[in-house]
$ cat query_14.txt   # compact mmCIF, C-alpha atoms
# COMPACT_ATOMS: atom_id res chain seq x y z
CA GLY A 1 80.53 72.69 89.17
CA SER A 2 81.29 76.36 89.66
CA LEU A 3 82.24 75.93 93.31
CA SER A 4 85.11 73.60 92.47
CA ALA A 5 86.32 76.13 89.88
CA ALA A 6 86.15 78.83 92.55
CA GLU A 7 88.02 76.62 95.01
CA GLU A 8 90.66 75.93 92.36
CA ALA A 9 91.03 79.68 91.71
CA VAL A 10 91.44 80.32 95.45
CA GLY A 11 94.14 77.65 95.59
CA GLN A 12 96.04 79.25 92.72
CA LEU A 13 95.61 82.92 93.70
CA ASN A 14 95.67 82.94 97.51
CA GLY A 15 99.06 84.11 98.75
CA LEU A 16 100.17 85.34 95.33
CA VAL A 17 102.39 88.42 95.53
CA VAL A 18 101.08 91.31 93.40
CA GLY A 19 102.86 94.66 93.38
CA GLY A 20 104.91 93.61 96.41
CA SER A 21 101.83 92.70 98.48
CA LYS A 22 100.57 89.20 99.23
CA ILE A 23 96.91 88.89 98.29
CA LEU A 24 94.27 86.99 100.24
CA VAL A 25 91.63 85.16 98.23
CA THR A 26 88.64 83.47 99.82
CA ILE A 27 85.20 82.31 98.74
CA ASN A 28 82.31 84.38 100.09
CA ASN A 29 78.62 83.99 99.59
CA ASP A 30 76.37 87.06 99.38
CA ASP A 31 75.34 86.77 103.05
CA ASP A 32 78.99 86.97 104.16
CA LEU A 33 79.56 89.97 101.92
CA GLN A 34 76.51 91.84 103.24
CA ALA A 35 77.50 91.16 106.86
CA ARG A 36 81.07 92.27 106.20
CA LYS A 37 79.97 95.49 104.45
CA GLN A 38 78.08 96.48 107.58
CA THR A 39 81.07 95.98 109.85
CA ILE A 40 83.88 97.62 107.87
CA GLY A 41 85.78 100.07 110.06
CA GLU A 42 87.67 103.01 108.62
CA LEU A 43 90.80 104.45 110.16
CA VAL A 44 91.60 108.03 109.11
CA LEU A 45 95.22 109.18 109.34
CA ASN A 46 96.42 112.77 108.96
CA ASN A 47 99.98 114.21 109.04
CA VAL A 48 101.36 110.90 107.82
CA LEU A 49 102.37 112.00 104.29
CA ASN A 50 104.83 114.78 103.47
CA ASP A 51 105.75 117.00 100.51
CA ASP A 52 108.10 114.36 99.10
CA ASP A 53 105.14 111.98 98.90
CA PHE A 54 103.08 114.50 96.92
CA GLU A 55 105.93 115.31 94.51
CA ASP A 56 107.40 111.83 93.93
CA GLU A 57 105.21 108.84 93.07
CA ASP A 58 107.90 106.36 94.22
CA CYS A 59 108.04 108.10 97.63
CA LEU A 60 104.24 107.96 97.85
CA ASN A 61 104.16 104.26 96.95
CA GLU A 62 106.83 103.51 99.55
CA SER A 63 104.98 105.51 102.23
CA MET A 64 101.68 103.80 101.37
CA GLU A 65 103.36 100.39 101.66
CA ASP A 66 104.77 101.39 105.08
CA ILE A 67 101.33 102.61 106.21
CA LYS A 68 99.71 99.39 104.99
CA ASN A 69 102.27 97.27 106.86
CA LEU A 70 101.72 99.30 110.03
CA ALA A 71 97.92 99.05 109.69
CA LEU A 72 98.07 95.27 109.08
CA LYS A 73 99.25 94.81 112.68
CA TYR A 74 95.68 95.55 113.80
CA GLY A 75 93.61 93.52 111.32
CA ARG A 76 92.80 92.54 107.76
CA ILE A 77 92.69 95.46 105.34
CA ARG A 78 90.19 95.94 102.53
CA ASN A 79 92.04 98.91 101.05
CA VAL A 80 94.23 101.92 101.78
CA ASP A 81 93.53 105.24 100.01
CA ALA A 82 95.40 108.54 100.08
CA ALA A 83 94.16 111.99 99.08
CA VAL A 84 97.06 113.64 97.22
CA SER A 85 95.22 116.85 96.35
CA GLY A 86 92.17 118.86 97.30
CA GLU A 87 90.64 119.74 100.65
CA HIS A 88 91.76 116.52 102.36
CA LYS A 89 95.27 116.38 100.85
CA GLY A 90 97.44 114.05 102.91
CA ARG A 91 94.57 112.14 104.49
CA VAL A 92 95.01 108.38 104.39
CA THR A 93 92.00 106.11 104.92
CA VAL A 94 92.48 102.47 105.89
CA SER A 95 89.40 100.24 105.56
CA TYR A 96 89.47 97.21 107.86
CA LEU A 97 87.51 94.07 107.01
CA ASP A 98 87.40 93.10 110.67
CA GLY A 99 85.15 95.95 111.70
CA LEU A 100 84.90 99.12 113.68
CA GLU A 101 86.52 97.73 116.84
CA VAL A 102 89.73 96.96 114.94
CA ALA A 103 89.74 100.48 113.48
CA ARG A 104 89.14 101.95 116.96
CA ARG A 105 92.03 99.98 118.46
CA ALA A 106 94.33 101.04 115.61
CA ALA A 107 93.29 104.70 116.01
CA GLN A 108 93.86 104.57 119.76
CA GLU A 109 97.36 103.12 119.38
CA LEU A 110 98.44 105.17 116.34
CA ASN A 111 97.11 108.59 117.38
CA GLY A 112 100.04 110.77 118.40
CA MET A 113 102.66 108.30 117.10
CA LEU A 114 105.73 110.08 115.74
CA VAL A 115 106.41 109.42 112.06
CA GLY A 116 109.32 111.32 110.58
CA GLY A 117 109.36 113.55 113.67
CA ILE A 118 105.72 114.56 113.25
CA ALA A 119 102.85 113.33 115.43
CA ILE A 120 100.21 111.70 113.26
CA SER A 121 96.52 112.11 113.89
CA ALA A 122 94.44 108.90 113.86
CA SER A 123 90.67 108.71 114.22
CA VAL A 124 87.79 106.45 113.21
CA SER A 125 85.24 107.09 110.52
CA SER A 126 82.15 104.99 111.07
CA SER A 127 80.53 106.11 107.80
CA ALA A 128 80.68 102.57 106.45
CA SER A 129 78.50 101.25 109.24
CA ASP A 130 76.03 103.97 110.19
CA GLY A 131 76.36 106.81 107.71
CA GLY A 132 77.87 109.19 110.29
CA TYR A 133 81.35 110.38 111.11
CA ASP A 134 82.83 109.49 114.50
CA GLY A 135 85.46 112.06 115.40
CA ALA A 136 86.58 115.54 114.41
$ encode --input "query_14.txt" --output "structure tokens"
Amino acid sequence: GSLSAAEEAVGQLNGLVVGGSKILVTINNDDDLQARKQTIGELVLNNVLNDDDFEDEDCLNESMEDIKNLALKYGRIRNVDAAVSGEHKGRVTVSYLDGLEVARRAAQELNGMLVGGIAISASVSSSASDGGYDGA
């Protein structure tokens, strides 16, 4: 049946390295997905990218990989996005699959951390769970 095909796909894809990152593949039913969507926590980082990152795509990719590796210490990541232009240029958003508490712990530990001699700003956006923004 289709479940065995899905299990076979998980076996073949889980742990595969794509673009330098190991991917995690699991089987979820719709109930799991709905529950997880409600508990995604978003970490917002500012002052973590510099001019080199905006001018050189390789620098940006390297910085994003470093940020992802740092963020992984706190929990499983859904995705990491960076604004490279516009009003929020330099803002990096890390979405955690493990919920708001993981994002809060990461923000608490990362806020004020020196990266390249500059203190980064880390806060939590709870927009994924309640439609509001938690922090300034």
$ residues_around --input "query_14.txt" --residues "Asp52 of chain A" --least-positions-apart "2" --cutoff "12 Å" --atoms "all atoms listed in the file" --output "number ranges by chain"
A: 48-50, 54-63, 84, 90, 116
$ atom_distance --input "query_14.txt" --atom1 "atom CA of Tyr74 of chain A" --atom2 "atom CA of Arg105 of chain A"
7.4 Å
$ residues_around --input "query_14.txt" --residues "Arg91 of chain A" --least-positions-apart "5" --cutoff "6 Å" --atoms "only C-alpha atoms" --output "number ranges by chain"
A: 45-46, 82-83
$ atom_distance --input "query_14.txt" --atom1 "atom CA of Val25 of chain A" --atom2 "atom CA of Glu101 of chain A"
23.0 Å
$ closest_residue --input "query_14.txt" --among "A:Leu114, A:Ala5, A:Val94, A:Ala119" --to "Gly75 of chain A" --atoms "all atoms listed in the file"
A:Val94
$ closest_residue --input "query_14.txt" --among "A:Asp81, A:Asp66, A:Asp53, A:Glu7" --to "Gly20 of chain A" --atoms "all atoms listed in the file"
A:Asp66
$ atom_distance --input "query_14.txt" --atom1 "atom CA of Leu24 of chain A" --atom2 "atom CA of Arg104 of chain A"
23.0 Å
$ closest_residue --input "query_14.txt" --among "A:Ile40, A:Leu100, A:Met113, A:Asp51" --to "Asn79 of chain A" --atoms "all atoms listed in the file"
A:Ile40
$ residues_near_point --input "query_14.txt" --point "(98.4, 107.1, 115.6)" --cutoff "6 Å" --atoms "all atoms listed in the file" --output "count of residues only"
9
$ closest_residue --input "query_14.txt" --among "A:Arg78, A:Lys73, A:Lys22, A:Lys68" --to "Tyr96 of chain A" --atoms "all atoms listed in the file"
A:Arg78
